[in-house]
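Beneath this line is the structure, given in structure tokens, with notes to follow.
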Amino acid sequence: NEAIRILEETQDYYPICVYLISMSDVYLNKGDDKIALNYAIRSLHLAELHGLKEQISDANLKLSKLYEKAGNLKPALQYYQSHIAYRDSVNNIRSVQKMADLRTDYEVSQKQVEVNLLNQQKRNQKNLLISLGIILGLTMVILVILFKTNQNKQKAYRILNKQRQETEKQKAKAEEALNELQVR
């Protein structure tokens, strides 16, 4: 009762309804059906006042059991039917919430897949650019080597041609000198 008073001050009605049903159980176990009924009715009115469907369902079930025990079957049936309706409503809300959660999880996972694909594409592009850079660098090195080799070959051919020309000049001079000697 003290907990209920404190919770009323803080306007936290959900646990108050639960405590009222618990108090109804306590008095029902003591054999005081009238006080047990009063606590259950109080729980139902408070739950209805604040739109607490789960507590409305629980209070209706408790009232159904209390009226059934008292042999008052018509109100017991009415409270039981009300309990079923609210229980189904609560279950429907939970099912809808679960479906919404599943849909949200699915959408989040789809977005994560998209993000992963974009990240993979960025990595692939980066790797491609690095590979192209390396290939371009190696191509430049090969071209420089080929250019230097070509320059060295041309230099060697020039030297060879110069030496050949000198050799031919010396050969021509030697032949001239030999011809002069033969003419004398």
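The chains in the structure tokens are called A, B, ... from first to last as shown; in each chain the residues are counted from 1, and the ligands are counted from 1 in the order shown.
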
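Taking only C-alpha atoms, the non-local environment of Tyr13 of chain A within 9 Å (same-chain residues fewer than 5 positions away omitted) comprises Ile4, Leu7, Glu8, Val18, Leu46, Ala47, His50 and Leu52 of chain A.
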
Same residues, C-alpha atoms, saved as a JSON list (two decimals), in the first residue's frame:
```json
[["chain", "number", "residue", "atom", "x", "y", "z"],
["A", 4, "ILE", "CA", 1.19, 2.27, -4.33],
["A", 7, "LEU", "CA", 3.86, 5.52, -7.20],
["A", 8, "GLU", "CA", 0.62, 7.55, -7.29],
["A", 18, "VAL", "CA", 0.40, -4.75, -11.06],
["A", 46, "LEU", "CA", -6.88, 2.69, -13.04],
["A", 47, "ALA", "CA", -5.67, 0.73, -16.11],
["A", 50, "HIS", "CA", -4.62, 5.47, -18.29],
["A", 52, "LEU", "CA", -2.81, 0.37, -20.05]]
```

Checklist line | Contacts of Lys53 of chain A within 9 Å, only C-alpha atoms, excl. fewer than 2 positions in-chain, as a list in words | finding: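 Returned residues: Ala47, Glu48, His50, Gly51, Gln55, Ile56, Ser57, Asp58, Tyr86, Arg87, Ser89 and Val90 of chain A.
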
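For the residues A:His83, A:Lys74, A:Lys69, A:Lys122, ranking by smallest atom-to-atom distance to Leu44 of chain A using only C-alpha atoms places A:His83 first.
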
Write out, as JSON lines, each residue of segment 49-143 of chain A that has an atom at most 9 Å from segment 27-39 of chain A, together with the closest pair of atoms and their distance in Å to one decimal, counting only C-alpha atoms, rows going by chain and rising number.
```
{"residue": "A:Lys62", "atom": "CA", "partner": "A:Leu37", "partner_atom": "CA", "distance": 8.5}
{"residue": "A:Leu63", "atom": "CA", "partner": "A:Leu37", "partner_atom": "CA", "distance": 6.8}
{"residue": "A:Leu66", "atom": "CA", "partner": "A:Leu37", "partner_atom": "CA", "distance": 6.6}
{"residue": "A:Tyr67", "atom": "CA", "partner": "A:Leu37", "partner_atom": "CA", "distance": 8.4}
{"residue": "A:Lys69", "atom": "CA", "partner": "A:Asp33", "partner_atom": "CA", "distance": 9.0}
{"residue": "A:Ala70", "atom": "CA", "partner": "A:Asp33", "partner_atom": "CA", "distance": 8.3}
```

Check: atom CA of Val26 of chain A to atom CA of Arg5 of chain A: how many Å, to one decimal?
Finding: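 These atoms are spaced 17.9 Å apart.
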